[in-house]
>>> print(open('model02.cif').read())   # mmCIF, C-alpha atoms
data_query
#
loop_
_atom_site.label_atom_id
_atom_site.label_comp_id
_atom_site.auth_asym_id
_atom_site.auth_seq_id
_atom_site.Cartn_x
_atom_site.Cartn_y
_atom_site.Cartn_z
CA ARG A 20 0.00 0.00 0.00
CA ILE A 21 1.23 3.42 -0.97
CA LEU A 22 -0.10 6.61 0.56
CA VAL A 23 -0.12 9.41 -2.01
CA ALA A 24 -0.10 12.65 -0.06
CA ALA A 25 0.10 16.40 -0.58
CA PRO A 26 -0.64 19.70 1.06
CA VAL A 27 -3.08 21.43 -1.31
CA ARG A 28 -3.63 25.11 -2.07
CA LYS A 29 -4.31 25.47 -5.76
CA HIS A 30 -6.65 27.05 -8.28
CA PRO A 31 -9.53 24.65 -9.11
CA ASP A 32 -8.36 24.00 -12.69
CA THR A 33 -4.80 23.21 -11.60
CA LEU A 34 -6.02 20.96 -8.79
CA ALA A 35 -8.41 19.07 -11.06
CA ALA A 36 -5.64 18.40 -13.61
CA PHE A 37 -3.30 17.20 -10.84
CA LEU A 38 -5.93 14.82 -9.41
CA ARG A 39 -6.72 13.39 -12.86
CA SER A 40 -3.02 12.67 -13.37
CA LEU A 41 -2.94 10.75 -10.07
CA LEU A 42 -5.84 8.56 -11.15
CA ARG A 43 -4.17 7.79 -14.50
CA GLN A 44 -0.99 6.38 -12.94
CA VAL A 45 -0.02 2.98 -14.30
CA LEU A 46 0.57 0.95 -11.15
CA PRO A 47 3.20 -1.69 -10.54
CA PRO A 48 1.81 -5.18 -9.85
CA ALA A 49 0.12 -5.62 -6.46
CA VAL A 50 0.32 -1.91 -5.62
CA GLU A 51 -2.71 -0.23 -4.07
CA LEU A 52 -3.02 3.53 -3.67
CA GLU A 53 -4.72 5.51 -0.96
CA PHE A 54 -4.70 9.30 -0.81
CA ALA A 55 -4.34 11.96 1.87
CA PHE A 56 -4.43 15.70 1.43
CA VAL A 57 -4.09 18.65 3.74
CA ASP A 58 -6.77 21.04 2.48
CA ASP A 59 -5.15 24.45 2.79
CA ASN A 60 -7.27 25.95 -0.01
CA THR A 61 -8.60 29.47 0.27
CA ASP A 62 -10.89 28.86 -2.74
CA PRO A 63 -14.03 26.91 -1.70
CA THR A 64 -14.29 25.36 -5.19
CA SER A 65 -10.87 23.76 -4.73
CA SER A 66 -11.94 22.39 -1.34
CA GLN A 67 -15.06 20.92 -2.95
CA ILE A 68 -13.03 19.25 -5.70
CA LEU A 69 -10.77 17.74 -3.06
CA ALA A 70 -13.70 16.59 -0.91
CA THR A 71 -15.21 14.60 -3.78
CA PHE A 72 -11.96 12.96 -4.95
CA GLU A 73 -12.06 9.17 -4.54
CA PRO A 74 -14.02 9.41 -1.26
CA HIS A 75 -13.59 5.73 -0.33
CA ARG A 76 -9.78 5.95 -0.56
CA THR A 77 -9.04 9.52 0.54
CA THR A 78 -8.36 11.20 3.87
CA ILE A 79 -8.76 14.97 4.03
CA ILE A 80 -7.02 16.87 6.82
CA GLN A 81 -8.03 20.47 7.34
CA GLY A 82 -5.18 22.95 7.01
CA THR A 83 -4.89 26.44 8.41
CA LYS A 84 -6.19 28.09 5.22
CA ALA A 85 -4.25 31.18 6.25
CA ALA A 86 -4.64 33.95 3.70
CA ASP A 87 -1.12 35.28 4.19
CA GLY A 88 2.30 33.76 3.89
CA PHE A 89 2.48 32.93 0.18
CA ALA A 90 2.60 35.45 -2.62
CA ASP A 91 1.98 33.62 -5.91
CA ALA A 92 2.01 36.78 -7.99
CA ALA A 93 4.76 38.87 -6.38
CA GLY A 94 6.60 39.48 -9.63
CA PRO A 95 7.74 37.21 -12.45
CA THR A 96 7.92 34.19 -10.13
CA HIS A 97 6.19 33.25 -6.91
CA GLN A 98 7.89 33.87 -3.61
CA TRP A 99 8.00 31.50 -0.65
CA THR A 100 7.91 33.30 2.68
CA PRO A 101 9.24 31.73 5.88
CA LYS A 102 5.64 31.51 7.13
CA ALA A 103 4.54 29.61 4.04
CA MET A 104 7.54 27.27 4.24
CA SER A 105 6.64 26.53 7.87
CA ARG A 106 2.97 25.93 7.05
CA VAL A 107 3.81 23.49 4.25
CA GLY A 108 6.41 21.75 6.42
CA GLU A 109 3.87 21.27 9.20
CA ALA A 110 1.36 19.88 6.70
CA LYS A 111 3.92 17.41 5.36
CA ASN A 112 4.79 16.35 8.92
CA ARG A 113 1.10 15.58 9.49
CA LEU A 114 1.02 13.48 6.31
CA ILE A 115 4.18 11.61 7.30
CA GLN A 116 2.65 10.82 10.70
CA LEU A 117 -0.53 9.58 8.99
CA ALA A 118 1.57 7.23 6.86
CA LEU A 119 3.42 5.94 9.91
CA ASP A 120 0.23 5.46 11.93
CA GLY A 121 -1.44 3.69 8.98
CA HIS A 122 1.50 1.29 8.50
CA TYR A 123 1.79 2.05 4.79
CA ASP A 124 4.58 0.38 2.83
CA ARG A 125 5.53 3.63 1.12
CA LEU A 126 4.69 7.31 1.14
CA TRP A 127 4.62 9.41 -2.02
CA LEU A 128 4.72 13.11 -1.16
CA VAL A 129 3.85 14.91 -4.38
CA ASP A 130 3.40 18.60 -5.23
CA CYS A 131 -0.15 19.47 -6.21
CA ASP A 132 0.84 21.70 -9.12
CA LEU A 133 2.20 18.85 -11.24
CA ILE A 134 0.60 16.96 -14.08
CA LEU A 135 2.30 13.62 -13.72
CA GLY A 136 3.33 11.30 -16.52
CA LEU A 137 1.49 7.98 -16.63
CA ARG A 138 4.45 6.00 -15.25
CA THR A 139 5.83 8.48 -12.73
CA LEU A 140 4.94 6.35 -9.72
CA TRP A 141 6.07 3.18 -11.49
CA SER A 142 9.52 4.64 -12.17
CA LEU A 143 9.94 5.86 -8.59
CA HIS A 144 8.76 2.50 -7.21
CA ALA A 145 11.12 0.56 -9.51
CA THR A 146 14.21 2.11 -7.90
CA ASP A 147 13.52 0.06 -4.76
CA ALA A 148 15.44 2.68 -2.79
CA PRO A 149 14.31 3.82 0.68
CA ILE A 150 14.11 7.47 -0.45
CA VAL A 151 13.72 8.62 -4.04
CA CYS A 152 12.88 11.95 -5.66
CA GLY A 153 11.53 12.82 -9.07
CA VAL A 154 12.86 15.98 -10.69
CA PHE A 155 10.49 18.08 -12.77
CA TRP A 156 11.34 20.87 -15.18
CA THR A 157 9.83 24.33 -14.96
CA ARG A 158 10.32 27.87 -16.06
CA TRP A 159 11.15 29.78 -12.89
CA GLN A 160 9.97 33.06 -14.36
CA ASP A 161 7.09 33.80 -16.68
CA THR A 162 9.28 35.39 -19.35
CA PRO A 163 10.06 34.12 -22.87
CA ASP A 164 13.83 34.11 -22.30
CA CYS A 165 13.72 31.97 -19.14
CA PRO A 166 14.98 28.44 -19.94
CA PRO A 167 13.40 25.38 -18.31
CA LEU A 168 15.37 24.36 -15.23
CA PRO A 169 15.05 21.49 -12.74
CA GLN A 170 12.61 22.18 -9.95
CA VAL A 171 15.04 21.30 -7.22
CA TRP A 172 17.41 23.20 -5.00
CA LEU A 173 19.85 22.54 -2.20
CA ARG A 174 18.63 25.37 0.00
CA HIS A 175 16.16 28.21 -0.01
CA PRO A 176 15.79 30.49 -1.89
CA TYR A 177 16.20 28.32 -5.00
CA GLN A 178 19.95 27.92 -4.69
CA LEU A 179 21.99 25.13 -6.23
CA ASP A 180 25.38 26.30 -4.90
CA GLY A 181 26.92 25.98 -8.36
CA LYS A 182 25.71 22.39 -8.74
CA GLY A 183 23.24 23.06 -11.54
CA MET A 184 22.56 20.90 -14.55
CA ASP A 185 26.04 19.32 -14.43
#
>>> encode(input="model02.cif", output="structure tokens")
Amino acid sequence: RILVAAPVRKHPDTLAAFLRSLLRQVLPPAVELEFAFVDDNTDPTSSQILATFEPHRTTIIQGTKAADGFADAAGPTHQWTPKAMSRVGEAKNRLIQLALDGHYDRLWLVDCDLILGLRTLWSLHATDAPIVCGVFWTRWQDTPDCPPLPQVWLRHPYQLDGKGMD
């Protein structure tokens, strides 16, 4: 059993696309998925979408739904504040504890702004490593000259310490 888990605060269209991509995952043999989300949405439509997602296999934990702490439109890229980082960290800690208490075989913490390829979970599962991370590509700024870069960093704010694509 794998617990697929995420803190969620997304626009309804983005959230719906993310959830559809979870349901389309090609599963390895004998793998069963259950879902858990921390509902930190400030948009009631997003909360409703989450509440109706696979109700027999999904746990919803209420988040703080704090209006401050994350500025998604503070310039050409979004900005993570210390308060937002703390809120998301606390949500992930709650999801990790849920996985431990539920005696799941694996936990897949996944960002809710991704549209996952059909075999994303399969490829992560096939590594048979105790901890594995998928790297996704994104444009860090909404400008035509910004190249796609890996969505990963060694420390905040978005720093690779010279260990970029090499």
>>> closest_residue(input="model02.cif", among="A:Leu143, A:Ile80, A:Leu34, A:Ala25", to="A:Thr64", atoms="only C-alpha atoms")
A:Leu34
>>> atom_distance(input="model02.cif", atom1="atom CA of A:Thr77", atom2="atom CA of A:Ala148")
25.6 Å
>>> atom_distance(input="model02.cif", atom1="atom CA of A:Thr71", atom2="atom CA of A:Cys152")
28.3 Å
>>> atom_distance(input="model02.cif", atom1="atom CA of A:His122", atom2="atom CA of A:Leu137")
26.0 Å
>>> closest_residue(input="model02.cif", among="A:Ile79, A:Ile150, A:Leu119, A:Leu52", to="A:Ile21", atoms="only C-alpha atoms")
A:Leu52
>>> residues_around(input="model02.cif", residues="A:Leu42", least_positions_apart="2", cutoff="12 Å", atoms="only C-alpha atoms", output="PyMOL selection string")
chain A and resi 23+35-40+44-46+51-54+72-73+76+134-140
>>> resolve_selection(input="model02.cif", expression="the PyMOL selection byres ((chain A and resi 82) around 12)", output="PDB file with C-alpha atoms, keeping the file's coordinate frame")
ATOM      1  CA  ALA A  25       0.100  16.400  -0.580  1.00  0.00           C
ATOM      2  CA  PRO A  26      -0.640  19.700   1.060  1.00  0.00           C
ATOM      3  CA  VAL A  27      -3.080  21.430  -1.310  1.00  0.00           C
ATOM      4  CA  ARG A  28      -3.630  25.110  -2.070  1.00  0.00           C
ATOM      5  CA  PHE A  56      -4.430  15.700   1.430  1.00  0.00           C
ATOM      6  CA  VAL A  57      -4.090  18.650   3.740  1.00  0.00           C
ATOM      7  CA  ASP A  58      -6.770  21.040   2.480  1.00  0.00           C
ATOM      8  CA  ASP A  59      -5.150  24.450   2.790  1.00  0.00           C
ATOM      9  CA  ASN A  60      -7.270  25.950  -0.010  1.00  0.00           C
ATOM     10  CA  THR A  61      -8.600  29.470   0.270  1.00  0.00           C
ATOM     11  CA  SER A  66     -11.940  22.390  -1.340  1.00  0.00           C
ATOM     12  CA  ILE A  79      -8.760  14.970   4.030  1.00  0.00           C
ATOM     13  CA  ILE A  80      -7.020  16.870   6.820  1.00  0.00           C
ATOM     14  CA  GLN A  81      -8.030  20.470   7.340  1.00  0.00           C
ATOM     15  CA  THR A  83      -4.890  26.440   8.410  1.00  0.00           C
ATOM     16  CA  LYS A  84      -6.190  28.090   5.220  1.00  0.00           C
ATOM     17  CA  ALA A  85      -4.250  31.180   6.250  1.00  0.00           C
ATOM     18  CA  ALA A  86      -4.640  33.950   3.700  1.00  0.00           C
ATOM     19  CA  ARG A 106       2.970  25.930   7.050  1.00  0.00           C
ATOM     20  CA  VAL A 107       3.810  23.490   4.250  1.00  0.00           C
ATOM     21  CA  GLY A 108       6.410  21.750   6.420  1.00  0.00           C
ATOM     22  CA  GLU A 109       3.870  21.270   9.200  1.00  0.00           C
ATOM     23  CA  ALA A 110       1.360  19.880   6.700  1.00  0.00           C
ATOM     24  CA  LYS A 111       3.920  17.410   5.360  1.00  0.00           C
ATOM     25  CA  ARG A 113       1.100  15.580   9.490  1.00  0.00           C
ATOM     26  CA  LEU A 114       1.020  13.480   6.310  1.00  0.00           C
TER      27      LEU A 114
END
>>> resolve_selection(input="model02.cif", expression="the PyMOL selection byres ((chain A and resi 128) around 6)", output="VMD selection string")
chain A and resid 24 to 25 127 129
>>> write_last_selection(input="model02.cif", atoms="C-alpha atoms", output="PDB file, keeping the file's coordinate frame")
ATOM      1  CA  ALA A  24      -0.100  12.650  -0.060  1.00  0.00           C
ATOM      2  CA  ALA A  25       0.100  16.400  -0.580  1.00  0.00           C
ATOM      3  CA  TRP A 127       4.620   9.410  -2.020  1.00  0.00           C
ATOM      4  CA  VAL A 129       3.850  14.910  -4.380  1.00  0.00           C
TER       5      VAL A 129
END
>>> closest_residue(input="model02.cif", among="A:Asp62, A:Asp164, A:Ser142, A:Ala55", to="A:Pro74", atoms="all atoms listed in the file")
A:Ala55
>>> residues_around(input="model02.cif", residues="A:Thr157", least_positions_apart="6", cutoff="10 Å", atoms="all atoms listed in the file", output="ChimeraX atom specification")
/A:165-171
